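Shown next: target-v4.txt, containing compact mmCIF, N, CA and C atoms.
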```txt
# COMPACT_ATOMS: atom_id res chain seq x y z
N MET K 1 -32.53 34.54 19.15
CA MET K 1 -31.30 35.23 18.79
C MET K 1 -30.42 35.32 20.03
N LYS K 2 -29.13 34.96 19.83
CA LYS K 2 -28.20 34.94 20.94
C LYS K 2 -26.90 35.61 20.49
N ILE K 3 -26.40 36.58 21.27
CA ILE K 3 -25.14 37.26 20.96
C ILE K 3 -24.08 36.69 21.89
N ILE K 4 -23.01 36.16 21.27
CA ILE K 4 -21.93 35.55 22.05
C ILE K 4 -20.58 36.09 21.55
N ASN K 5 -19.54 35.89 22.36
CA ASN K 5 -18.20 36.33 21.98
C ASN K 5 -17.69 35.53 20.78
N TYR K 6 -17.01 36.24 19.89
CA TYR K 6 -16.36 35.62 18.74
C TYR K 6 -15.18 34.78 19.23
N THR K 7 -15.02 33.62 18.62
CA THR K 7 -13.78 32.84 18.75
C THR K 7 -13.42 32.39 17.34
N LYS K 8 -12.20 31.88 17.20
CA LYS K 8 -11.70 31.48 15.88
C LYS K 8 -12.58 30.43 15.21
N ILE K 9 -13.37 29.68 15.98
CA ILE K 9 -14.23 28.67 15.35
C ILE K 9 -15.31 29.32 14.48
N PHE K 10 -15.55 30.62 14.65
CA PHE K 10 -16.57 31.32 13.86
C PHE K 10 -15.97 32.05 12.66
N ARG K 11 -14.66 31.91 12.43
CA ARG K 11 -13.97 32.66 11.37
C ARG K 11 -14.63 32.42 10.00
N LYS K 12 -14.82 31.15 9.62
CA LYS K 12 -15.42 30.84 8.30
C LYS K 12 -16.82 31.41 8.19
N ASP K 13 -17.60 31.35 9.27
CA ASP K 13 -18.96 31.89 9.25
C ASP K 13 -18.92 33.40 9.01
N CYS K 14 -18.01 34.09 9.67
CA CYS K 14 -17.92 35.55 9.51
C CYS K 14 -17.48 35.92 8.09
N ILE K 15 -16.56 35.15 7.52
CA ILE K 15 -16.15 35.41 6.14
C ILE K 15 -17.31 35.16 5.18
N LYS K 16 -18.10 34.15 5.45
CA LYS K 16 -19.29 33.87 4.63
C LYS K 16 -20.28 35.03 4.72
N ILE K 17 -20.44 35.60 5.91
CA ILE K 17 -21.32 36.75 6.10
C ILE K 17 -20.79 37.93 5.29
N PHE K 18 -19.49 38.18 5.37
CA PHE K 18 -18.87 39.27 4.61
C PHE K 18 -19.15 39.07 3.12
N LYS K 19 -18.87 37.88 2.60
CA LYS K 19 -19.04 37.61 1.16
C LYS K 19 -20.49 37.74 0.72
N SER K 20 -21.43 37.45 1.63
CA SER K 20 -22.85 37.57 1.27
C SER K 20 -23.24 39.03 1.04
N ASN K 21 -22.43 39.95 1.52
CA ASN K 21 -22.72 41.38 1.40
C ASN K 21 -21.93 42.06 0.28
N LEU K 22 -21.25 41.26 -0.55
CA LEU K 22 -20.56 41.78 -1.73
C LEU K 22 -21.54 41.90 -2.89
N PRO K 23 -21.42 42.83 -3.77
CA PRO K 23 -20.49 43.95 -3.78
C PRO K 23 -21.11 45.24 -3.24
N LYS K 24 -22.36 45.17 -2.78
CA LYS K 24 -23.04 46.40 -2.38
C LYS K 24 -22.46 47.01 -1.11
N PHE K 25 -22.32 46.22 -0.07
CA PHE K 25 -21.95 46.75 1.24
C PHE K 25 -20.45 46.73 1.52
N PHE K 26 -19.74 45.83 0.87
CA PHE K 26 -18.29 45.74 1.01
C PHE K 26 -17.68 45.53 -0.37
N ALA K 27 -16.43 45.94 -0.50
CA ALA K 27 -15.67 45.70 -1.72
C ALA K 27 -14.80 44.47 -1.51
N ILE K 28 -14.62 43.70 -2.56
CA ILE K 28 -13.83 42.47 -2.44
C ILE K 28 -12.42 42.76 -1.93
N GLU K 29 -11.88 43.94 -2.27
CA GLU K 29 -10.53 44.25 -1.80
C GLU K 29 -10.47 44.49 -0.30
N GLU K 30 -11.62 44.61 0.37
CA GLU K 30 -11.63 44.74 1.83
C GLU K 30 -11.50 43.39 2.55
N LEU K 31 -11.73 42.30 1.82
CA LEU K 31 -11.72 40.97 2.45
C LEU K 31 -10.41 40.65 3.17
N PRO K 32 -9.22 40.91 2.59
CA PRO K 32 -7.99 40.61 3.35
C PRO K 32 -7.88 41.41 4.66
N PHE K 33 -8.40 42.63 4.67
CA PHE K 33 -8.37 43.44 5.90
C PHE K 33 -9.28 42.81 6.96
N PHE K 34 -10.45 42.33 6.52
CA PHE K 34 -11.37 41.69 7.46
C PHE K 34 -10.77 40.38 7.98
N GLU K 35 -10.17 39.60 7.09
CA GLU K 35 -9.55 38.34 7.53
C GLU K 35 -8.43 38.62 8.53
N ASP K 36 -7.63 39.62 8.26
CA ASP K 36 -6.55 40.00 9.18
C ASP K 36 -7.13 40.43 10.53
N PHE K 37 -8.20 41.22 10.47
CA PHE K 37 -8.88 41.64 11.70
C PHE K 37 -9.33 40.42 12.50
N LEU K 38 -9.98 39.46 11.84
CA LEU K 38 -10.46 38.26 12.54
C LEU K 38 -9.31 37.47 13.17
N ASP K 39 -8.17 37.47 12.49
CA ASP K 39 -7.03 36.70 12.98
C ASP K 39 -6.24 37.42 14.07
N GLN K 40 -6.27 38.74 14.07
CA GLN K 40 -5.36 39.49 14.93
C GLN K 40 -6.02 40.29 16.05
N TYR K 41 -7.15 40.93 15.77
CA TYR K 41 -7.59 42.02 16.64
C TYR K 41 -8.93 41.83 17.33
N THR K 42 -9.50 40.67 17.29
CA THR K 42 -10.86 40.53 17.80
C THR K 42 -10.93 40.47 19.32
N GLU K 43 -10.02 39.75 19.94
CA GLU K 43 -9.98 39.60 21.40
C GLU K 43 -11.39 39.44 21.97
N GLU K 44 -11.72 40.23 22.99
CA GLU K 44 -13.03 40.06 23.63
C GLU K 44 -14.06 41.06 23.12
N ASN K 45 -13.71 41.89 22.18
CA ASN K 45 -14.63 42.95 21.75
C ASN K 45 -15.29 42.69 20.40
N TYR K 46 -15.42 41.42 20.02
CA TYR K 46 -16.08 41.07 18.77
C TYR K 46 -17.07 39.95 19.07
N PHE K 47 -18.20 39.98 18.39
CA PHE K 47 -19.31 39.10 18.74
C PHE K 47 -19.94 38.49 17.50
N VAL K 48 -20.62 37.39 17.68
CA VAL K 48 -21.44 36.81 16.63
C VAL K 48 -22.87 36.67 17.14
N VAL K 49 -23.80 36.68 16.20
CA VAL K 49 -25.20 36.46 16.51
C VAL K 49 -25.58 35.10 15.95
N LYS K 50 -26.14 34.27 16.82
CA LYS K 50 -26.60 32.94 16.40
C LYS K 50 -28.12 32.90 16.44
N MET K 51 -28.67 32.31 15.40
CA MET K 51 -30.11 32.05 15.33
C MET K 51 -30.30 30.64 14.80
N ASP K 52 -31.08 29.88 15.49
CA ASP K 52 -31.34 28.49 15.07
C ASP K 52 -30.04 27.74 14.76
N GLY K 53 -29.02 27.96 15.58
CA GLY K 53 -27.77 27.26 15.41
C GLY K 53 -26.84 27.82 14.35
N GLN K 54 -27.30 28.83 13.60
CA GLN K 54 -26.50 29.43 12.53
C GLN K 54 -25.91 30.76 12.98
N VAL K 55 -24.69 31.06 12.55
CA VAL K 55 -24.10 32.38 12.77
C VAL K 55 -24.62 33.26 11.64
N VAL K 56 -25.37 34.31 12.01
CA VAL K 56 -26.04 35.14 11.00
C VAL K 56 -25.55 36.58 10.99
N ALA K 57 -24.73 36.96 11.96
CA ALA K 57 -24.22 38.34 12.02
C ALA K 57 -22.97 38.37 12.89
N CYS K 58 -22.20 39.45 12.72
CA CYS K 58 -21.02 39.65 13.55
C CYS K 58 -20.74 41.14 13.62
N GLY K 59 -20.04 41.53 14.67
CA GLY K 59 -19.68 42.94 14.83
C GLY K 59 -19.00 43.15 16.17
N GLY K 60 -18.26 44.24 16.26
CA GLY K 60 -17.55 44.51 17.49
C GLY K 60 -17.41 45.98 17.77
N PHE K 61 -16.52 46.27 18.73
CA PHE K 61 -16.22 47.66 19.05
C PHE K 61 -14.74 47.78 19.34
N PHE K 62 -14.23 49.02 19.34
CA PHE K 62 -12.81 49.25 19.50
C PHE K 62 -12.56 50.49 20.34
N LEU K 63 -11.32 50.61 20.77
CA LEU K 63 -10.82 51.81 21.43
C LEU K 63 -9.60 52.29 20.66
N ASP K 64 -9.61 53.55 20.25
CA ASP K 64 -8.49 54.18 19.57
C ASP K 64 -7.89 55.19 20.55
N THR K 65 -6.85 54.78 21.28
CA THR K 65 -6.27 55.64 22.31
C THR K 65 -5.54 56.84 21.70
N LYS K 66 -5.01 56.68 20.50
CA LYS K 66 -4.28 57.76 19.85
C LYS K 66 -5.21 58.95 19.56
N ASN K 67 -6.44 58.66 19.14
CA ASN K 67 -7.40 59.72 18.81
C ASN K 67 -8.47 59.91 19.88
N ASN K 68 -8.36 59.17 20.99
CA ASN K 68 -9.29 59.29 22.11
C ASN K 68 -10.75 59.12 21.67
N VAL K 69 -10.99 58.04 20.95
CA VAL K 69 -12.33 57.73 20.46
C VAL K 69 -12.53 56.22 20.53
N ALA K 70 -13.76 55.80 20.72
CA ALA K 70 -14.12 54.39 20.65
C ALA K 70 -15.13 54.26 19.51
N GLY K 71 -15.52 53.06 19.17
CA GLY K 71 -16.49 52.95 18.09
C GLY K 71 -16.84 51.53 17.72
N LEU K 72 -17.60 51.43 16.65
CA LEU K 72 -18.10 50.15 16.16
C LEU K 72 -17.22 49.66 15.02
N SER K 73 -16.95 48.36 15.00
CA SER K 73 -16.09 47.79 13.97
C SER K 73 -16.72 46.58 13.30
N TRP K 74 -16.55 46.53 11.99
CA TRP K 74 -16.89 45.38 11.17
C TRP K 74 -18.23 44.72 11.53
N GLY K 75 -19.29 45.53 11.56
CA GLY K 75 -20.62 44.99 11.82
C GLY K 75 -21.30 44.59 10.52
N MET K 76 -21.90 43.40 10.51
CA MET K 76 -22.58 42.93 9.30
C MET K 76 -23.54 41.81 9.62
N VAL K 77 -24.58 41.74 8.80
CA VAL K 77 -25.59 40.69 8.91
C VAL K 77 -25.59 39.93 7.58
N HIS K 78 -25.67 38.62 7.64
CA HIS K 78 -25.74 37.83 6.40
C HIS K 78 -26.88 38.35 5.54
N ALA K 79 -26.63 38.47 4.26
CA ALA K 79 -27.62 39.05 3.34
C ALA K 79 -28.97 38.34 3.41
N ASP K 80 -28.98 37.04 3.66
CA ASP K 80 -30.24 36.30 3.76
C ASP K 80 -31.07 36.70 4.97
N TYR K 81 -30.45 37.43 5.91
CA TYR K 81 -31.14 37.81 7.15
C TYR K 81 -31.34 39.31 7.27
N HIS K 82 -31.09 40.06 6.20
CA HIS K 82 -31.34 41.50 6.24
C HIS K 82 -32.83 41.76 6.48
N GLY K 83 -33.12 42.85 7.17
CA GLY K 83 -34.51 43.25 7.40
C GLY K 83 -35.20 42.53 8.53
N LYS K 84 -34.48 41.79 9.31
CA LYS K 84 -35.09 41.03 10.42
C LYS K 84 -34.72 41.62 11.79
N ARG K 85 -34.20 42.85 11.80
CA ARG K 85 -33.87 43.59 13.02
C ARG K 85 -32.68 43.01 13.78
N ILE K 86 -31.93 42.13 13.13
CA ILE K 86 -30.74 41.55 13.75
C ILE K 86 -29.66 42.62 13.87
N GLY K 87 -29.46 43.40 12.81
CA GLY K 87 -28.48 44.47 12.83
C GLY K 87 -28.78 45.51 13.89
N LYS K 88 -30.05 45.83 14.04
CA LYS K 88 -30.47 46.80 15.07
C LYS K 88 -30.11 46.27 16.46
N ALA K 89 -30.42 45.00 16.71
CA ALA K 89 -30.14 44.40 18.02
C ALA K 89 -28.64 44.34 18.28
N LEU K 90 -27.86 43.92 17.29
CA LEU K 90 -26.41 43.83 17.48
C LEU K 90 -25.79 45.22 17.66
N THR K 91 -26.27 46.20 16.92
CA THR K 91 -25.76 47.56 17.06
C THR K 91 -26.06 48.11 18.45
N GLN K 92 -27.29 47.93 18.92
CA GLN K 92 -27.66 48.42 20.25
C GLN K 92 -26.84 47.72 21.33
N TYR K 93 -26.63 46.44 21.17
CA TYR K 93 -25.82 45.67 22.12
C TYR K 93 -24.41 46.27 22.22
N ARG K 94 -23.82 46.58 21.07
CA ARG K 94 -22.46 47.13 21.05
C ARG K 94 -22.42 48.56 21.58
N ILE K 95 -23.42 49.36 21.27
CA ILE K 95 -23.49 50.73 21.80
C ILE K 95 -23.62 50.69 23.33
N ASP K 96 -24.44 49.79 23.82
CA ASP K 96 -24.60 49.65 25.28
C ASP K 96 -23.26 49.27 25.93
N LEU K 97 -22.50 48.38 25.30
CA LEU K 97 -21.19 48.00 25.82
C LEU K 97 -20.22 49.19 25.77
N LEU K 98 -20.27 49.95 24.69
CA LEU K 98 -19.42 51.15 24.59
C LEU K 98 -19.73 52.12 25.73
N LYS K 99 -21.01 52.34 25.98
CA LYS K 99 -21.42 53.28 27.03
C LYS K 99 -20.96 52.82 28.40
N LYS K 100 -20.97 51.50 28.60
CA LYS K 100 -20.53 50.95 29.88
C LYS K 100 -19.00 50.96 29.99
N THR K 101 -18.31 50.66 28.89
CA THR K 101 -16.86 50.53 28.90
C THR K 101 -16.13 51.85 28.75
N TYR K 102 -16.63 52.71 27.87
CA TYR K 102 -16.00 54.01 27.57
C TYR K 102 -17.04 55.12 27.64
N PRO K 103 -17.56 55.40 28.84
CA PRO K 103 -18.71 56.30 28.95
C PRO K 103 -18.45 57.76 28.56
N SER K 104 -17.20 58.19 28.55
CA SER K 104 -16.95 59.62 28.31
C SER K 104 -16.34 59.91 26.94
N LEU K 105 -16.20 58.89 26.10
CA LEU K 105 -15.60 59.10 24.79
C LEU K 105 -16.68 59.25 23.71
N PRO K 106 -16.38 59.96 22.62
CA PRO K 106 -17.28 59.92 21.46
C PRO K 106 -17.10 58.57 20.76
N TYR K 107 -18.13 58.14 20.04
CA TYR K 107 -18.10 56.86 19.33
C TYR K 107 -18.10 57.12 17.83
N LYS K 108 -17.32 56.33 17.12
CA LYS K 108 -17.11 56.54 15.69
C LYS K 108 -17.47 55.28 14.92
N ILE K 109 -17.93 55.48 13.70
CA ILE K 109 -18.08 54.38 12.76
C ILE K 109 -17.73 54.89 11.39
N GLU K 110 -17.10 54.05 10.62
CA GLU K 110 -16.86 54.32 9.21
C GLU K 110 -17.72 53.33 8.44
N THR K 111 -18.66 53.87 7.67
CA THR K 111 -19.62 53.04 6.97
C THR K 111 -19.82 53.58 5.57
N SER K 112 -20.75 53.03 4.83
CA SER K 112 -20.97 53.47 3.45
C SER K 112 -22.30 54.20 3.32
N GLN K 113 -22.53 54.71 2.12
CA GLN K 113 -23.79 55.39 1.85
C GLN K 113 -24.99 54.43 1.99
N HIS K 114 -24.73 53.14 1.91
CA HIS K 114 -25.81 52.16 1.98
C HIS K 114 -26.32 51.93 3.40
N THR K 115 -25.48 52.25 4.40
CA THR K 115 -25.89 52.01 5.79
C THR K 115 -25.82 53.26 6.66
N ALA K 116 -25.43 54.39 6.08
CA ALA K 116 -25.32 55.62 6.86
C ALA K 116 -26.65 56.01 7.50
N GLU K 117 -27.74 55.85 6.79
CA GLU K 117 -29.05 56.21 7.33
C GLU K 117 -29.41 55.32 8.53
N PHE K 118 -29.06 54.05 8.46
CA PHE K 118 -29.28 53.13 9.58
C PHE K 118 -28.56 53.64 10.83
N TYR K 119 -27.29 54.03 10.67
CA TYR K 119 -26.53 54.51 11.83
C TYR K 119 -27.01 55.88 12.29
N LYS K 120 -27.50 56.69 11.37
CA LYS K 120 -28.09 57.97 11.76
C LYS K 120 -29.28 57.73 12.69
N LYS K 121 -30.12 56.77 12.36
CA LYS K 121 -31.27 56.43 13.20
C LYS K 121 -30.84 55.91 14.57
N ASN K 122 -29.59 55.43 14.65
CA ASN K 122 -29.07 54.90 15.91
C ASN K 122 -28.22 55.92 16.67
N GLY K 123 -28.28 57.20 16.23
CA GLY K 123 -27.65 58.26 17.01
C GLY K 123 -26.33 58.81 16.47
N PHE K 124 -25.88 58.32 15.33
CA PHE K 124 -24.63 58.82 14.75
C PHE K 124 -24.91 59.98 13.79
N LYS K 125 -23.94 60.89 13.70
CA LYS K 125 -24.04 62.03 12.78
C LYS K 125 -22.85 61.97 11.82
N THR K 126 -23.12 62.22 10.54
CA THR K 126 -22.06 62.23 9.53
C THR K 126 -21.18 63.45 9.72
N VAL K 127 -19.86 63.24 9.81
CA VAL K 127 -18.93 64.36 9.94
C VAL K 127 -18.05 64.51 8.69
N GLU K 128 -17.98 63.46 7.88
CA GLU K 128 -17.20 63.54 6.65
C GLU K 128 -17.66 62.45 5.69
N ILE K 129 -17.66 62.78 4.40
CA ILE K 129 -17.94 61.80 3.35
C ILE K 129 -16.75 61.79 2.40
N VAL K 130 -16.19 60.61 2.18
CA VAL K 130 -15.07 60.45 1.25
C VAL K 130 -15.59 59.68 0.04
N PRO K 131 -15.79 60.36 -1.08
CA PRO K 131 -16.27 59.65 -2.29
C PRO K 131 -15.32 58.50 -2.65
N ASP K 132 -15.90 57.34 -2.94
CA ASP K 132 -15.12 56.14 -3.28
C ASP K 132 -14.11 55.79 -2.19
N GLY K 133 -14.42 56.14 -0.95
CA GLY K 133 -13.48 55.97 0.16
C GLY K 133 -13.16 54.52 0.50
N PHE K 134 -14.06 53.60 0.20
CA PHE K 134 -13.78 52.19 0.42
C PHE K 134 -13.39 51.51 -0.89
N SER K 135 -14.07 51.92 -1.96
CA SER K 135 -13.83 51.34 -3.27
C SER K 135 -14.64 52.16 -4.27
N LYS K 136 -14.43 51.93 -5.54
CA LYS K 136 -15.20 52.65 -6.55
C LYS K 136 -16.69 52.37 -6.33
N GLY K 137 -17.45 53.43 -6.11
CA GLY K 137 -18.89 53.29 -5.90
C GLY K 137 -19.30 53.06 -4.45
N ILE K 138 -18.34 52.91 -3.57
CA ILE K 138 -18.66 52.74 -2.14
C ILE K 138 -17.99 53.88 -1.38
N ASP K 139 -18.80 54.90 -1.07
CA ASP K 139 -18.30 56.07 -0.35
C ASP K 139 -18.10 55.74 1.12
N LYS K 140 -17.14 56.42 1.74
CA LYS K 140 -16.89 56.25 3.17
C LYS K 140 -17.57 57.38 3.92
N TYR K 141 -18.49 57.03 4.79
CA TYR K 141 -19.14 57.99 5.69
C TYR K 141 -18.50 57.83 7.05
N ILE K 142 -17.89 58.89 7.54
CA ILE K 142 -17.32 58.89 8.87
C ILE K 142 -18.37 59.54 9.78
N MET K 143 -18.81 58.79 10.75
CA MET K 143 -19.92 59.23 11.61
C MET K 143 -19.49 59.17 13.08
N ILE K 144 -20.03 60.11 13.86
CA ILE K 144 -19.70 60.20 15.29
C ILE K 144 -20.99 60.25 16.10
N MET K 145 -20.94 59.59 17.24
CA MET K 145 -22.01 59.72 18.24
C MET K 145 -21.39 60.36 19.47
N GLU K 146 -21.88 61.52 19.82
CA GLU K 146 -21.42 62.20 21.03
C GLU K 146 -22.24 61.67 22.20
N VAL K 147 -21.57 61.28 23.24
CA VAL K 147 -22.25 60.74 24.43
C VAL K 147 -22.28 61.84 25.48
N LEU K 148 -23.46 62.13 25.99
CA LEU K 148 -23.60 63.12 27.04
C LEU K 148 -23.34 62.47 28.39
N VAL K 149 -22.34 62.98 29.06
CA VAL K 149 -21.99 62.45 30.38
C VAL K 149 -22.77 63.25 31.42
N PRO K 150 -23.55 62.57 32.27
CA PRO K 150 -24.36 63.30 33.26
C PRO K 150 -23.51 64.01 34.29
```
Final structure tokens representation of the file:
Amino acid sequence: MKIINYTKIFRKDCIKIFKSNLPKFFAIEELPFFEDFLDQYTEENYFVVKMDGQVVACGGFFLDTKNNVAGLSWGMVHADYHGKRIGKALTQYRIDLLKKTYPSLPYKIETSQHTAEFYKKNGFKTVEIVPDGFSKGIDKYIMIMEVLVP
């Protein structure tokens, strides 16, 4: 498993990963937002995971200067690779980068009821639940990780 920076050559692979997670983890109406994100906002803070020459996961992190928070963005593993600890490795990689890049900020993620427990195990706490916040049947869990600065 190798984590490398996203470039536009991985766009189709990332869209394929997104579609593999429909309709449980993402709603189809989120696809244009993800495509726009891939085209506009990825810069150096978005990554792909390659295994055996295949792109099997993607995810990044962000800084929100308006709200003074950083966090995880658009993390996903191809459905065929769920349960292989790829998501855990990619999440830890991004959290480590957040701690190095933005050591004094809280970290945020917006996720669904299907992955909230995963992020809870990784140190995030639910601060708000919006029923059907992403789409009908997909609730939005807003979660925060407070970082203790020594």
>> Using all atoms listed in the file for the distances, tell me which of K:Phe25, K:Tyr102, K:Phe47, K:Tyr93 is nearest to Ile138 of chain K.
In response: K:Phe25
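The interatomic distance for the pair atom C of Glu110 of chain K and atom C of Asp96 of chain K works out to 18.8 Å.
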> Tell me, which residues of chain K carry DSSP strand (DSSP E), written as an MDAnalysis selection string?
Replying inline: chainID K and resid 2:5 46:51 54:64 69:77 107:111 125:135 138:145
Counting only C-alpha atoms, find residues at most 9 Å from (-23.8, 42.3, 5.0) (file frame) and give them as a compact mmCIF listing (two decimals) with N, CA and C atoms, in the coordinates of the input.
```
# COMPACT_ATOMS: atom_id res chain seq x y z
N ILE K 17 -20.44 35.60 5.91
CA ILE K 17 -21.32 36.75 6.10
C ILE K 17 -20.79 37.93 5.29
N PHE K 18 -19.49 38.18 5.37
CA PHE K 18 -18.87 39.27 4.61
C PHE K 18 -19.15 39.07 3.12
N LYS K 19 -18.87 37.88 2.60
CA LYS K 19 -19.04 37.61 1.16
C LYS K 19 -20.49 37.74 0.72
N SER K 20 -21.43 37.45 1.63
CA SER K 20 -22.85 37.57 1.27
C SER K 20 -23.24 39.03 1.04
N ASN K 21 -22.43 39.95 1.52
CA ASN K 21 -22.72 41.38 1.40
C ASN K 21 -21.93 42.06 0.28
N LEU K 22 -21.25 41.26 -0.55
CA LEU K 22 -20.56 41.78 -1.73
C LEU K 22 -21.54 41.90 -2.89
N LYS K 24 -22.36 45.17 -2.78
CA LYS K 24 -23.04 46.40 -2.38
C LYS K 24 -22.46 47.01 -1.11
N PHE K 25 -22.32 46.22 -0.07
CA PHE K 25 -21.95 46.75 1.24
C PHE K 25 -20.45 46.73 1.52
N PHE K 26 -19.74 45.83 0.87
CA PHE K 26 -18.29 45.74 1.01
C PHE K 26 -17.68 45.53 -0.37
N ALA K 57 -24.73 36.96 11.96
CA ALA K 57 -24.22 38.34 12.02
C ALA K 57 -22.97 38.37 12.89
N GLY K 75 -19.29 45.53 11.56
CA GLY K 75 -20.62 44.99 11.82
C GLY K 75 -21.30 44.59 10.52
N MET K 76 -21.90 43.40 10.51
CA MET K 76 -22.58 42.93 9.30
C MET K 76 -23.54 41.81 9.62
N VAL K 77 -24.58 41.74 8.80
CA VAL K 77 -25.59 40.69 8.91
C VAL K 77 -25.59 39.93 7.58
N HIS K 78 -25.67 38.62 7.64
CA HIS K 78 -25.74 37.83 6.40
C HIS K 78 -26.88 38.35 5.54
N ALA K 79 -26.63 38.47 4.26
CA ALA K 79 -27.62 39.05 3.34
C ALA K 79 -28.97 38.34 3.41
N ASP K 80 -28.98 37.04 3.66
CA ASP K 80 -30.24 36.30 3.76
C ASP K 80 -31.07 36.70 4.97
N TYR K 81 -30.45 37.43 5.91
CA TYR K 81 -31.14 37.81 7.15
C TYR K 81 -31.34 39.31 7.27
N HIS K 82 -31.09 40.06 6.20
CA HIS K 82 -31.34 41.50 6.24
C HIS K 82 -32.83 41.76 6.48
```
All file atoms of segment 35-44 of chain K boxed axis-aligned, 3 Å per side, centre plus edges, as JSON:
```
{"center_x": -9.7, "center_y": 39.4, "center_z": 15.4, "size_x": 14.7, "size_y": 11.3, "size_z": 22.5}
```
> atom CA of Lys8 of chain K and atom CA of Thr115 of chain K, how far apart in Å?
Replying inline: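 Spanning atom CA of Thr115 of chain K to atom CA of Lys8 of chain K is a straight-line distance of 26.9 Å.
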> From the set K:Ile109, K:Ile3, K:Ile9, K:Val48, which residue has the shortest atom-to-atom contact distance to Lys140 of chain K, counting all atoms listed in the file?
Replying inline: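 Between K:Ile109, K:Ile3, K:Ile9, K:Val48, the residue approaching Lys140 of chain K most closely is K:Ile109.
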>> For the alpha helix (DSSP H) assignment from backbone DSSP, which residues of segment 69-117 of chain K qualify? Please present them as a PyMOL selection string.
In response: chain K and resi 86-101+116-117
